[in-house]
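Pasting coords35.cif here (mmCIF, C-alpha atoms):
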data_run
loop_
_atom_site.group_PDB
_atom_site.id
_atom_site.type_symbol
_atom_site.label_atom_id
_atom_site.label_comp_id
_atom_site.auth_asym_id
_atom_site.auth_seq_id
_atom_site.Cartn_x
_atom_site.Cartn_y
_atom_site.Cartn_z
ATOM 1 C CA MET A 1 -33.295 15.974 -27.679
ATOM 2 C CA TYR A 2 -30.972 14.805 -24.879
ATOM 3 C CA LEU A 3 -33.069 16.567 -22.262
ATOM 4 C CA ALA A 4 -36.263 15.081 -23.676
ATOM 5 C CA GLY A 5 -34.657 11.605 -23.566
ATOM 6 C CA ARG A 6 -33.665 12.083 -19.921
ATOM 7 C CA TRP A 7 -37.145 13.289 -19.110
ATOM 8 C CA THR A 8 -38.613 10.201 -20.729
ATOM 9 C CA VAL A 9 -36.256 7.936 -18.789
ATOM 10 C CA CYS A 10 -37.158 9.688 -15.548
ATOM 11 C CA CYS A 11 -40.860 9.238 -16.290
ATOM 12 C CA LEU A 12 -40.324 5.562 -17.058
ATOM 13 C CA LEU A 13 -38.381 5.055 -13.842
ATOM 14 C CA GLY A 14 -41.115 6.892 -11.934
ATOM 15 C CA LEU A 15 -43.743 4.603 -13.425
ATOM 16 C CA ALA A 16 -41.689 1.543 -12.539
ATOM 17 C CA ALA A 17 -41.279 2.792 -8.960
ATOM 18 C CA SER A 18 -44.981 3.517 -8.624
ATOM 19 C CA ALA A 19 -45.737 0.015 -9.910
ATOM 20 C CA CYS A 20 -43.563 -1.392 -7.113
ATOM 21 C CA PHE A 21 -45.086 0.751 -4.365
ATOM 22 C CA PHE A 22 -48.695 0.806 -5.552
ATOM 23 C CA PRO A 23 -49.346 -2.588 -7.182
ATOM 24 C CA SER A 24 -53.099 -2.408 -6.652
ATOM 25 C CA ALA A 25 -53.309 0.787 -8.706
ATOM 26 C CA VAL A 26 -51.332 -0.855 -11.483
ATOM 27 C CA LEU A 27 -53.439 -3.982 -11.371
ATOM 28 C CA ALA A 28 -56.581 -1.885 -11.619
ATOM 29 C CA GLN A 29 -55.325 -0.403 -14.842
ATOM 30 C CA GLU A 30 -54.657 -3.799 -16.388
ATOM 31 C CA GLU A 31 -58.359 -4.482 -16.961
ATOM 32 C CA LYS A 32 -58.049 -3.253 -20.530
ATOM 33 C CA PRO A 33 -57.651 -5.920 -23.131
ATOM 34 C CA ALA A 34 -54.103 -6.331 -24.360
ATOM 35 C CA SER A 35 -53.412 -4.867 -27.735
ATOM 36 C CA THR A 36 -52.573 -7.235 -30.470
ATOM 37 C CA VAL A 37 -49.413 -5.543 -31.749
ATOM 38 C CA PRO A 38 -47.095 -7.945 -33.511
ATOM 39 C CA PRO A 39 -43.655 -8.239 -31.836
ATOM 40 C CA GLY A 40 -41.807 -6.461 -34.651
ATOM 41 C CA GLU A 41 -44.098 -3.424 -34.671
ATOM 42 C CA GLU A 42 -43.736 -2.105 -31.071
ATOM 43 C CA ASP A 43 -43.774 1.555 -30.430
ATOM 44 C CA PRO A 44 -40.327 3.015 -31.354
ATOM 45 C CA VAL A 45 -40.377 5.263 -28.294
ATOM 46 C CA LEU A 46 -40.879 2.250 -26.048
ATOM 47 C CA ARG A 47 -37.981 0.423 -27.739
ATOM 48 C CA GLN A 48 -35.792 3.477 -27.275
ATOM 49 C CA LEU A 49 -36.754 3.723 -23.606
ATOM 50 C CA LEU A 50 -36.008 0.056 -23.040
ATOM 51 C CA ALA A 51 -32.619 0.467 -24.711
ATOM 52 C CA GLU A 52 -31.849 3.479 -22.522
ATOM 53 C CA VAL A 53 -32.882 1.606 -19.362
ATOM 54 C CA ARG A 54 -30.590 -1.252 -20.335
ATOM 55 C CA GLN A 55 -27.730 1.178 -20.946
ATOM 56 C CA LEU A 56 -28.342 2.856 -17.586
ATOM 57 C CA ARG A 57 -28.377 -0.500 -15.830
ATOM 58 C CA LEU A 58 -25.079 -1.481 -17.476
ATOM 59 C CA ALA A 59 -23.524 1.881 -16.613
ATOM 60 C CA LEU A 60 -24.663 1.540 -13.003
ATOM 61 C CA GLN A 61 -23.237 -1.977 -12.774
ATOM 62 C CA ARG A 62 -19.938 -0.789 -14.228
ATOM 63 C CA MET A 63 -19.745 2.146 -11.810
ATOM 64 C CA THR A 64 -20.513 -0.137 -8.881
ATOM 65 C CA LEU A 65 -17.775 -2.522 -9.951
ATOM 66 C CA LEU A 66 -15.270 0.309 -10.442
ATOM 67 C CA SER A 67 -16.182 1.810 -7.091
ATOM 68 C CA THR A 68 -15.623 -1.517 -5.352
ATOM 69 C CA ARG A 69 -12.297 -2.021 -7.107
ATOM 70 C CA PHE A 70 -11.308 1.513 -6.130
ATOM 71 C CA GLN A 71 -12.124 0.893 -2.459
ATOM 72 C CA VAL A 72 -10.171 -2.379 -2.463
ATOM 73 C CA ALA A 73 -7.178 -0.676 -4.098
ATOM 74 C CA ILE A 74 -7.226 2.115 -1.510
ATOM 75 C CA GLU A 75 -7.315 -0.385 1.343
ATOM 76 C CA ARG A 76 -4.482 -2.449 -0.148
ATOM 77 C CA MET A 77 -2.454 0.723 -0.578
ATOM 78 C CA ARG A 78 -3.118 1.784 3.018
ATOM 79 C CA ILE A 79 -1.999 -1.606 4.343
ATOM 80 C CA GLN A 80 1.098 -1.607 2.141
ATOM 81 C CA GLN A 81 1.969 1.940 3.239
ATOM 82 C CA SER A 82 1.805 0.949 6.909
ATOM 83 C CA HIS A 83 4.004 -2.076 6.144
ATOM 84 C CA VAL A 84 6.584 0.102 4.379
ATOM 85 C CA ASP A 85 6.472 2.625 7.232
ATOM 86 C CA GLY A 86 7.132 -0.157 9.756
ATOM 87 C CA LEU A 87 10.096 -1.432 7.763
ATOM 88 C CA ASP A 88 11.435 2.128 7.454
ATOM 89 C CA ARG A 89 11.234 2.579 11.233
ATOM 90 C CA GLU A 90 12.974 -0.753 11.773
ATOM 91 C CA LEU A 91 15.712 0.217 9.321
ATOM 92 C CA ALA A 92 16.181 3.620 10.987
ATOM 93 C CA GLY A 93 16.483 1.952 14.403
ATOM 94 C CA LEU A 94 18.993 -0.525 13.054
ATOM 95 C CA ARG A 95 21.057 2.278 11.537
ATOM 96 C CA GLU A 96 21.051 4.091 14.889
ATOM 97 C CA ASN A 97 22.322 0.901 16.544
ATOM 98 C CA ILE A 98 25.037 0.569 13.905
ATOM 99 C CA SER A 99 26.115 4.149 14.498
ATOM 100 C CA ALA A 100 26.246 3.609 18.266
ATOM 101 C CA LYS A 101 28.178 0.340 17.890
ATOM 102 C CA GLN A 102 30.592 1.972 15.445
ATOM 103 C CA SER A 103 31.255 4.778 17.941
ATOM 104 C CA GLU A 104 31.785 2.215 20.680
ATOM 105 C CA LEU A 105 34.194 0.256 18.453
ATOM 106 C CA ASP A 106 36.100 3.423 17.561
ATOM 107 C CA GLY A 107 36.477 4.166 21.277
ATOM 108 C CA LEU A 108 37.758 0.643 21.951
ATOM 109 C CA VAL A 109 40.277 0.914 19.083
ATOM 110 C CA GLU A 110 41.555 4.208 20.507
ATOM 111 C CA ARG A 111 41.841 2.725 23.997
ATOM 112 C CA ARG A 112 43.682 -0.285 22.570
ATOM 113 C CA LYS A 113 46.157 1.936 20.702
ATOM 114 C CA SER A 114 46.761 3.967 23.848
ATOM 115 C CA ALA A 115 47.257 0.765 25.847
ATOM 116 C CA GLU A 116 49.747 -0.545 23.270
ATOM 117 C CA GLU A 117 51.734 2.702 23.345
ATOM 118 C CA GLU A 118 51.749 2.710 27.144
ATOM 119 C CA LEU A 119 52.786 -0.948 27.172
ATOM 120 C CA GLU A 120 55.844 -0.141 25.060
ATOM 121 C CA ARG A 121 56.905 2.555 27.558
ATOM 122 C CA THR A 122 56.209 0.491 30.676
ATOM 123 C CA ALA A 123 58.785 -1.444 32.706
ATOM 124 C CA ASP A 124 58.611 -5.236 33.110
ATOM 125 C CA PRO A 125 56.885 -5.529 36.530
ATOM 126 C CA GLU A 126 53.739 -3.683 35.351
ATOM 127 C CA ARG A 127 53.555 -5.312 31.928
ATOM 128 C CA GLY A 128 51.565 -8.387 32.993
ATOM 129 C CA GLU A 129 48.510 -6.439 34.055
ATOM 130 C CA MET A 130 48.708 -4.144 31.029
ATOM 131 C CA GLU A 131 49.027 -7.105 28.634
ATOM 132 C CA ALA A 132 45.925 -8.684 30.198
ATOM 133 C CA ASN A 133 44.065 -5.385 29.778
ATOM 134 C CA LEU A 134 45.242 -5.174 26.164
ATOM 135 C CA ARG A 135 44.034 -8.743 25.445
ATOM 136 C CA HIS A 136 40.676 -7.867 27.009
ATOM 137 C CA LEU A 137 40.416 -4.739 24.812
ATOM 138 C CA LYS A 138 41.307 -6.725 21.680
ATOM 139 C CA ALA A 139 38.716 -9.406 22.500
ATOM 140 C CA ALA A 140 36.045 -6.789 23.182
ATOM 141 C CA ALA A 141 36.885 -4.995 19.920
ATOM 142 C CA ALA A 142 36.744 -8.273 17.961
ATOM 143 C CA SER A 143 33.383 -9.181 19.521
ATOM 144 C CA LEU A 144 32.000 -5.725 18.820
ATOM 145 C CA ASP A 145 33.315 -5.886 15.258
ATOM 146 C CA ARG A 146 31.481 -9.215 14.683
ATOM 147 C CA GLU A 147 28.294 -7.753 16.148
ATOM 148 C CA LEU A 148 28.658 -4.685 13.949
ATOM 149 C CA GLN A 149 29.128 -6.909 10.888
ATOM 150 C CA GLU A 150 25.912 -8.800 11.717
ATOM 151 C CA TYR A 151 24.059 -5.495 12.070
ATOM 152 C CA ARG A 152 25.341 -4.355 8.697
ATOM 153 C CA GLU A 153 24.209 -7.601 7.057
ATOM 154 C CA ARG A 154 20.765 -7.167 8.613
ATOM 155 C CA GLU A 155 20.733 -3.568 7.422
ATOM 156 C CA ALA A 156 21.515 -4.633 3.853
ATOM 157 C CA ASP A 157 18.771 -7.297 3.918
ATOM 158 C CA LEU A 158 16.271 -4.878 5.414
ATOM 159 C CA ALA A 159 17.156 -2.169 2.877
ATOM 160 C CA VAL A 160 16.448 -4.648 0.058
ATOM 161 C CA ARG A 161 13.108 -5.559 1.668
ATOM 162 C CA VAL A 162 12.184 -1.892 2.010
ATOM 163 C CA GLN A 163 12.965 -1.302 -1.664
ATOM 164 C CA GLY A 164 10.857 -4.298 -2.703
ATOM 165 C CA GLU A 165 7.921 -3.250 -0.548
ATOM 166 C CA GLN A 166 8.221 0.337 -1.787
ATOM 167 C CA ALA A 167 8.105 -0.981 -5.372
ATOM 168 C CA ARG A 168 4.901 -2.878 -4.511
ATOM 169 C CA LEU A 169 3.490 0.327 -3.027
ATOM 170 C CA ASP A 170 4.379 2.207 -6.211
ATOM 171 C CA ASP A 171 2.608 -0.477 -8.279
ATOM 172 C CA LEU A 172 -0.497 -0.125 -6.118
ATOM 173 C CA ASP A 173 -0.316 3.637 -6.565
ATOM 174 C CA ASP A 174 -0.180 3.155 -10.343
ATOM 175 C CA ASP A 175 -3.192 0.818 -10.172
ATOM 176 C CA LEU A 176 -5.075 3.398 -8.132
ATOM 177 C CA ALA A 177 -4.210 6.130 -10.642
ATOM 178 C CA ALA A 178 -5.504 3.938 -13.485
ATOM 179 C CA LEU A 179 -8.758 3.280 -11.609
ATOM 180 C CA THR A 180 -9.121 6.988 -10.895
ATOM 181 C CA LYS A 181 -8.693 7.743 -14.576
ATOM 182 C CA GLU A 182 -11.246 5.053 -15.440
ATOM 183 C CA LEU A 183 -13.723 6.513 -12.943
ATOM 184 C CA LYS A 184 -13.272 9.988 -14.381
ATOM 185 C CA GLU A 185 -13.966 8.681 -17.877
ATOM 186 C CA GLU A 186 -17.322 7.262 -16.772
#

Would it be possible to restate this file's structure as structure tokens?
Amino acid sequence: MYLAGRWTVCCLLGLAASACFFPSAVLAQEEKPASTVPPGEEDPVLRQLLAEVRQLRLALQRMTLLSTRFQVAIERMRIQQSHVDGLDRELAGLRENISAKQSELDGLVERRKSAEEELERTADPERGEMEANLRHLKAAAASLDRELQEYREREADLAVRVQGEQARLDDLDDDLAALTKELKEE
């Protein structure tokens, strides 16, 4: 029965297509007088065919809409993924800078400690130059420490942004999975 129904629909669609492409042939067949069938007594096969055509049209519209939504969701996900990737690269670069600055600060702290120990063992005539060097090391360490603190604050802010953008990406992925499921059900 299902196969016969499909065959009937195909025949009806073929007739409709031929009417579009060969209107003169269709017009030539319309010379017969119209039958006087009351509206409630149409052929049941014709009613069934019309119902099936309507259902096919609705299904096609729904599939077209789902397909469009699916394409939009994929594009949004692609854009969001590139945004997250960019933020990840920025965060990785910032963390490399923090590591380098921390190493530089550790070196300055070691040099300062060595300078302080040497200053304690040094006689008075050489102390002036060593004290100036020690003040310079302390100032450089303090400046580097402030810079490192700013980097860490930026890192924390950027890490929060990455998490938020990753959550948005996960939401888009969930939306895409739901659309995929909906498409499979059709």

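Take CA of Phe70 in chain A and CA of Leu87 in chain A: the distance between them is 25.7 Å.
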
Go through the shown structure with the PyMOL selection byres ((chain A and resi 185) around 12) and write out the matching residues as a PDB file with C-alpha atoms, in the coordinates of the input.
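Saved as result-v2.pdb:
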ATOM      1  CA  ALA A  59     -23.524   1.881 -16.613  1.00  0.00           C
ATOM      2  CA  ARG A  62     -19.938  -0.789 -14.228  1.00  0.00           C
ATOM      3  CA  MET A  63     -19.745   2.146 -11.810  1.00  0.00           C
ATOM      4  CA  LEU A  66     -15.270   0.309 -10.442  1.00  0.00           C
ATOM      5  CA  ALA A 178      -5.504   3.938 -13.485  1.00  0.00           C
ATOM      6  CA  LEU A 179      -8.758   3.280 -11.609  1.00  0.00           C
ATOM      7  CA  THR A 180      -9.121   6.988 -10.895  1.00  0.00           C
ATOM      8  CA  LYS A 181      -8.693   7.743 -14.576  1.00  0.00           C
ATOM      9  CA  GLU A 182     -11.246   5.053 -15.440  1.00  0.00           C
ATOM     10  CA  LEU A 183     -13.723   6.513 -12.943  1.00  0.00           C
ATOM     11  CA  LYS A 184     -13.272   9.988 -14.381  1.00  0.00           C
ATOM     12  CA  GLU A 186     -17.322   7.262 -16.772  1.00  0.00           C
TER      13      GLU A 186
END

| request: Could you tell me how far CA of Glu104 in chain A lies from CA of Leu144 in chain A, in Å and to one decimal? | output: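 Taking CA of Glu104 in chain A as the start and CA of Leu144 in chain A as the end point, the length is 8.2 Å.
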
| message | Translate the PyMOL selection byres ((chain A and resi 154-159) around 12) into a concrete residue list for this structure, as a PyMOL selection string. | response | chain A and resi 84+86-99+147-153+160-166

Based on the selection just made, write C-alpha atoms of those residues as a CSV table (one decimal), in the coordinates of the input.
chain,number,residue,atom,x,y,z
A,84,VAL,CA,6.6,0.1,4.4
A,86,GLY,CA,7.1,-0.2,9.8
A,87,LEU,CA,10.1,-1.4,7.8
A,88,ASP,CA,11.4,2.1,7.5
A,89,ARG,CA,11.2,2.6,11.2
A,90,GLU,CA,13.0,-0.8,11.8
A,91,LEU,CA,15.7,0.2,9.3
A,92,ALA,CA,16.2,3.6,11.0
A,93,GLY,CA,16.5,2.0,14.4
A,94,LEU,CA,19.0,-0.5,13.1
A,95,ARG,CA,21.1,2.3,11.5
A,96,GLU,CA,21.1,4.1,14.9
A,97,ASN,CA,22.3,0.9,16.5
A,98,ILE,CA,25.0,0.6,13.9
A,99,SER,CA,26.1,4.1,14.5
A,147,GLU,CA,28.3,-7.8,16.1
A,148,LEU,CA,28.7,-4.7,13.9
A,149,GLN,CA,29.1,-6.9,10.9
A,150,GLU,CA,25.9,-8.8,11.7
A,151,TYR,CA,24.1,-5.5,12.1
A,152,ARG,CA,25.3,-4.4,8.7
A,153,GLU,CA,24.2,-7.6,7.1
A,160,VAL,CA,16.4,-4.6,0.1
A,161,ARG,CA,13.1,-5.6,1.7
A,162,VAL,CA,12.2,-1.9,2.0
A,163,GLN,CA,13.0,-1.3,-1.7
A,164,GLY,CA,10.9,-4.3,-2.7
A,165,GLU,CA,7.9,-3.2,-0.5
A,166,GLN,CA,8.2,0.3,-1.8

| task | Just give me the gap between CA of Asp173 in chain A and CA of Gln61 in chain A in Å, one decimal is fine. | result |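 Separating CA of Asp173 in chain A from CA of Gln61 in chain A is a distance of 24.4 Å.
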
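Among the candidates A:Arg47, A:Glu75, A:Arg112, A:Leu65, the residue lying nearest to Glu131 in chain A is A:Arg112 (atoms considered: all atoms listed in the file).
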
| Residues within 12 Å of Val72 in chain A, all atoms listed in the file, excluding chain neighbours under 4 positions, as a ChimeraX atom specification | /A:65-68,76-79,172,175-176,179

| Got a sec to check which residues sit within 12 Å of (36.3, -5.3, 18.6), counting only C-alpha atoms, and write them as a PyMOL selection string? | chain A and resi 101-112+134-149
